[in-house]
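Asks: For reference, the file data.txt (compact mmCIF, C-alpha atoms) is included below:
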# COMPACT_ATOMS: atom_id res chain seq x y z
CA MET A 1 0.00 0.00 0.00
CA LEU A 2 1.36 3.42 -0.97
CA PRO A 3 1.22 6.33 1.46
CA ASP A 4 -1.47 8.99 0.90
CA SER A 5 0.98 11.24 -0.92
CA PHE A 6 3.62 9.23 -2.76
CA ILE A 7 6.65 10.91 -4.29
CA MET A 8 8.93 9.20 -6.80
CA ILE A 9 11.83 10.54 -8.81
CA GLY A 10 11.80 9.21 -12.36
CA LYS A 11 14.70 7.19 -13.68
CA LEU A 12 17.48 8.61 -11.48
CA PRO A 13 19.79 5.66 -10.76
CA THR A 14 22.87 6.08 -8.59
CA ARG A 15 25.02 5.14 -11.56
CA TRP A 16 23.83 5.89 -15.07
CA GLY A 17 25.64 2.88 -16.49
CA ASN A 18 23.88 0.47 -18.86
CA GLN A 19 20.37 1.55 -17.84
CA LEU A 20 20.41 4.53 -20.17
CA ASN A 21 21.18 5.44 -23.76
CA LYS A 22 24.96 5.20 -23.99
CA ASN A 23 25.01 7.70 -26.86
CA ARG A 24 23.90 10.46 -24.51
CA LEU A 25 25.82 9.78 -21.30
CA PRO A 26 29.44 9.17 -20.44
CA PRO A 27 30.23 5.79 -18.89
CA GLY A 28 30.72 5.83 -15.14
CA ALA A 29 29.11 9.25 -14.54
CA THR A 30 26.87 9.64 -11.51
CA ALA A 31 24.05 11.93 -10.51
CA PRO A 32 25.26 15.00 -8.66
CA PRO A 33 25.15 15.04 -4.86
CA GLY A 34 21.76 15.99 -3.47
CA GLY A 35 19.97 15.20 -6.71
CA VAL A 36 19.08 17.52 -9.56
CA ILE A 37 16.09 19.73 -10.29
CA MET A 38 15.24 20.41 -13.95
CA PRO A 39 13.03 19.67 -15.72
CA VAL A 40 10.58 18.73 -13.02
CA TYR A 41 7.29 17.10 -13.97
CA THR A 42 4.53 16.90 -11.37
CA VAL A 43 1.76 14.36 -11.89
CA ALA A 44 -1.31 15.06 -9.75
CA THR A 45 -4.19 12.60 -9.57
CA GLU A 46 -6.91 11.67 -7.13
CA LEU A 47 -5.51 9.45 -4.36
CA GLY A 48 -5.76 5.79 -5.33
CA ARG A 49 -5.97 6.48 -9.08
CA LEU A 50 -2.44 5.19 -9.74
CA ASP A 51 -0.66 2.18 -8.31
CA ARG A 52 3.13 1.90 -8.16
CA THR A 53 3.33 0.09 -11.52
CA GLN A 54 1.32 2.84 -13.22
CA MET A 55 3.53 5.50 -11.60
CA GLU A 56 6.62 3.75 -12.88
CA LYS A 57 5.15 3.53 -16.41
CA LEU A 58 4.25 7.21 -16.34
CA ALA A 59 7.65 8.24 -14.95
CA CYS A 60 9.48 6.19 -17.58
CA GLY A 61 7.16 7.40 -20.36
CA ILE A 62 7.46 11.08 -19.44
CA THR A 63 11.23 10.70 -19.14
CA THR A 64 11.41 9.04 -22.57
CA ILE A 65 9.16 11.65 -24.21
CA HIS A 66 11.08 14.60 -22.79
CA GLY A 67 14.42 13.01 -23.65
CA GLU A 68 13.44 12.12 -27.21
CA GLU A 69 11.90 15.52 -27.93
CA THR A 70 14.57 17.71 -26.32
CA GLY A 71 17.73 15.60 -26.20
CA ALA A 72 17.97 16.01 -22.42
CA PRO A 73 19.86 13.20 -20.67
CA GLU A 74 17.47 10.95 -18.75
CA PRO A 75 19.07 11.42 -15.30
CA LEU A 76 18.27 15.13 -15.53
CA ILE A 77 14.52 14.55 -16.07
CA HIS A 78 12.45 14.29 -12.89
CA VAL A 79 8.92 13.13 -12.21
CA ILE A 80 7.14 13.67 -8.89
CA PHE A 81 3.73 12.18 -8.07
CA THR A 82 1.28 13.72 -5.71
CA GLY A 83 -2.28 12.77 -4.86
CA TYR A 84 -5.24 14.83 -3.79
CA PRO A 85 -8.17 13.56 -1.68
CA GLN A 86 -11.47 12.70 -3.33
CA GLY A 87 -13.86 15.63 -3.38
CA VAL A 88 -11.32 18.47 -3.41
CA ALA A 89 -10.96 18.83 -7.20
CA TRP A 90 -13.51 20.52 -9.43
CA SER A 91 -13.84 20.71 -13.22
CA SER A 92 -16.40 22.86 -15.04
CA GLY A 93 -17.84 23.97 -11.69
CA ARG A 94 -18.60 20.38 -10.62
CA PRO A 95 -16.74 17.79 -8.57
CA GLY A 96 -14.18 16.11 -10.79
CA ALA A 97 -10.94 14.18 -10.79
CA PRO A 98 -8.58 15.73 -13.35
CA ASN A 99 -5.31 13.97 -14.11
CA ILE A 100 -2.66 16.66 -14.39
CA ILE A 101 0.87 16.58 -15.78
CA GLN A 102 2.67 19.89 -15.46
CA ALA A 103 6.29 20.85 -15.76
CA SER A 104 8.76 23.67 -15.55
CA ILE A 105 11.01 23.46 -18.59
CA ARG A 106 13.64 25.75 -20.05
CA ALA A 107 12.30 28.34 -22.48
CA GLY A 108 13.41 28.04 -26.07
CA ARG A 109 11.61 24.91 -27.27
CA SER A 110 9.66 25.35 -30.48
CA GLU A 111 5.87 25.30 -30.40
CA GLU A 112 6.00 22.14 -32.54
CA VAL A 113 8.14 20.34 -29.93
CA ARG A 114 5.98 21.53 -27.03
CA VAL A 115 2.73 20.47 -28.74
CA ARG A 116 4.19 17.07 -29.65
CA MET A 117 5.31 16.55 -26.04
CA MET A 118 1.87 17.48 -24.68
CA GLU A 119 0.07 15.23 -27.17
CA ARG A 120 2.35 12.29 -26.37
CA MET A 121 1.98 12.81 -22.61
CA THR A 122 -1.81 13.04 -22.89
CA ALA A 123 -1.86 9.74 -24.80
CA LEU A 124 0.49 8.20 -22.22
CA MET A 125 -1.74 9.24 -19.30
CA CYS A 126 -4.85 7.93 -21.09
CA ASP A 127 -3.18 4.59 -21.78
CA VAL A 128 -1.55 4.06 -18.37
CA ALA A 129 -4.32 5.42 -16.12
CA ARG A 130 -7.15 4.23 -18.39
CA VAL A 131 -8.81 7.65 -18.46
CA SER A 132 -10.34 9.78 -21.20
CA ALA A 133 -8.36 12.63 -22.77
CA ARG A 134 -11.23 14.81 -21.49
CA ASP A 135 -9.91 14.19 -17.97
CA VAL A 136 -6.22 14.94 -18.71
CA ILE A 137 -4.48 18.30 -18.43
CA VAL A 138 -0.89 18.73 -19.62
CA ALA A 139 0.80 22.11 -19.11
CA LEU A 140 4.42 23.02 -19.81
CA PHE A 141 5.63 26.24 -18.20
CA ASP A 142 8.72 27.97 -19.57
CA PHE A 143 11.31 29.65 -17.44
CA LEU A 144 14.41 31.48 -18.57
CA PRO A 145 17.31 29.04 -18.27
CA HIS A 146 19.42 31.42 -16.18
CA TRP A 147 16.64 31.49 -13.57
CA ALA A 148 17.48 27.93 -12.48
CA MET A 149 20.45 26.00 -11.24
CA GLU A 150 21.10 22.28 -11.34
CA ALA A 151 24.07 20.54 -9.76
CA GLY A 152 25.37 23.96 -8.69
CA MET A 153 25.47 25.22 -12.29
CA ILE A 154 23.23 27.85 -13.93
CA LEU A 155 21.30 26.11 -16.72
CA PRO A 156 22.26 26.88 -20.32
CA PRO A 157 20.02 28.27 -23.05
CA THR A 158 18.37 25.67 -25.30
CA GLU A 159 21.07 26.06 -27.96
CA LYS A 160 23.25 23.11 -28.95
CA GLU A 161 26.59 24.84 -28.33
CA ALA A 162 25.56 26.15 -24.90
CA GLU A 163 24.10 22.77 -23.93
CA ALA A 164 27.26 20.95 -25.10
CA ALA A 165 29.47 23.26 -23.01
CA TRP A 166 27.19 22.81 -19.96
CA ASP A 167 27.13 19.01 -20.43
CA ALA A 168 30.94 18.90 -20.70
CA GLU A 169 31.32 20.86 -17.46
CA PHE A 170 28.66 18.76 -15.71
CA TYR A 171 30.28 15.48 -16.75
CA ALA A 172 33.77 16.74 -15.86
CA ARG A 173 32.63 17.76 -12.37
CA TYR A 174 30.67 14.65 -11.51
CA SER A 175 32.88 12.08 -13.19
CA ARG A 176 35.71 13.44 -11.00
CA ASP A 177 33.48 13.21 -7.90
CA GLU A 178 32.75 9.56 -8.62
CA GLN A 179 36.40 8.72 -9.16
CA THR A 180 37.25 10.39 -5.85
CA SER A 181 34.36 8.75 -3.95
CA ASP A 182 35.16 5.29 -5.36
CA ALA A 183 38.78 5.45 -4.19
Go through the file and emit its structure as structure tokens.

Replies:
Amino acid sequence: MLPDSFIMIGKLPTRWGNQLNKNRLPPGATAPPGGVIMPVYTVATELGRLDRTQMEKLACGITTIHGEETGAPEPLIHVIFTGYPQGVAWSSGRPGAPNIIQASIRAGRSEEVRVRMMERMTALMCDVARVSARDVIVALFDFLPHWAMEAGMILPPTEKEAEAAWDAEFYARYSRDEQTSDA
């Protein structure tokens, strides 16, 4: 039995290793100390709507969708689940039970990418939770990249060169930390 409000971080293994796409991550790199923060997806549903297996499918699906659409490495994509008690949600002025996926993501994604992500996440929620698209809300909120920090580093703009430089610094910092901590 899951607690009333269950929180799970999506696909954030201690070691990235073979669990992830080797084309996107250096071998032996680890997640930074204290975890990482962006992008953060919050999935809110009525308590009891999702079991642990469904949460895992949603976390993996959201992680895959965001990674495929943006190129973000999987360990930097986070999914948090929260539940609300029956009777506290309203839709169209009546009691309801909306299934909500919302996220803070770096500004700079094209409208085409954002719409494709929202459509794919809506279909994912419908499939996994066995609900109608009428009962699913997906909202992606932009923030300026320099307004957030992950792993002690200001996030880069959504430009390939800036992302490559940020990734190189991130991997250099945390690959060194792992080598030191493994000694």

Asks: Please return as an MDAnalysis selection string every residue within 7 Å of (18.3, 32.8, -23.5), taking into account only C-alpha atoms and the file's own coordinates.

Replies: chainID A and resid 144:145 157

Asks: Rank A:Met153, A:Lys57, A:Val88, A:Pro39 by their smallest atom-to-atom distance to A:Gln102, using all atoms listed in the file, and report the top residue only.

Replies: A:Pro39

Asks: Using all atoms listed in the file, find the one residue out of A:Gly93, A:Leu58, A:Gly108, A:Thr158 that sits nearest to A:Phe141.

Replies: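 With all atoms listed in the file as the atom set, the closest residue is A:Gly108.
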
Asks: Atom CA of A:Val40 and atom CA of A:Asn99, how far apart in Å?

Replies: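 Distance reported for this atom pair: 16.6 Å.
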
Asks: A:Glu163, A:Glu68, A:Glu56, A:Asp127: which is nearest A:Val113, counting all atoms listed in the file?

Replies: A:Glu68

Asks: Could you check the closest approach to A:Asp167 for each of A:Ala89, A:Ile105, A:Leu124, A:Leu76 and tell me which residue wins, using all atoms listed in the file?

Replies: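 Of A:Ala89, A:Ile105, A:Leu124, A:Leu76, the one nearest A:Asp167 is A:Leu76, counting all atoms listed in the file.
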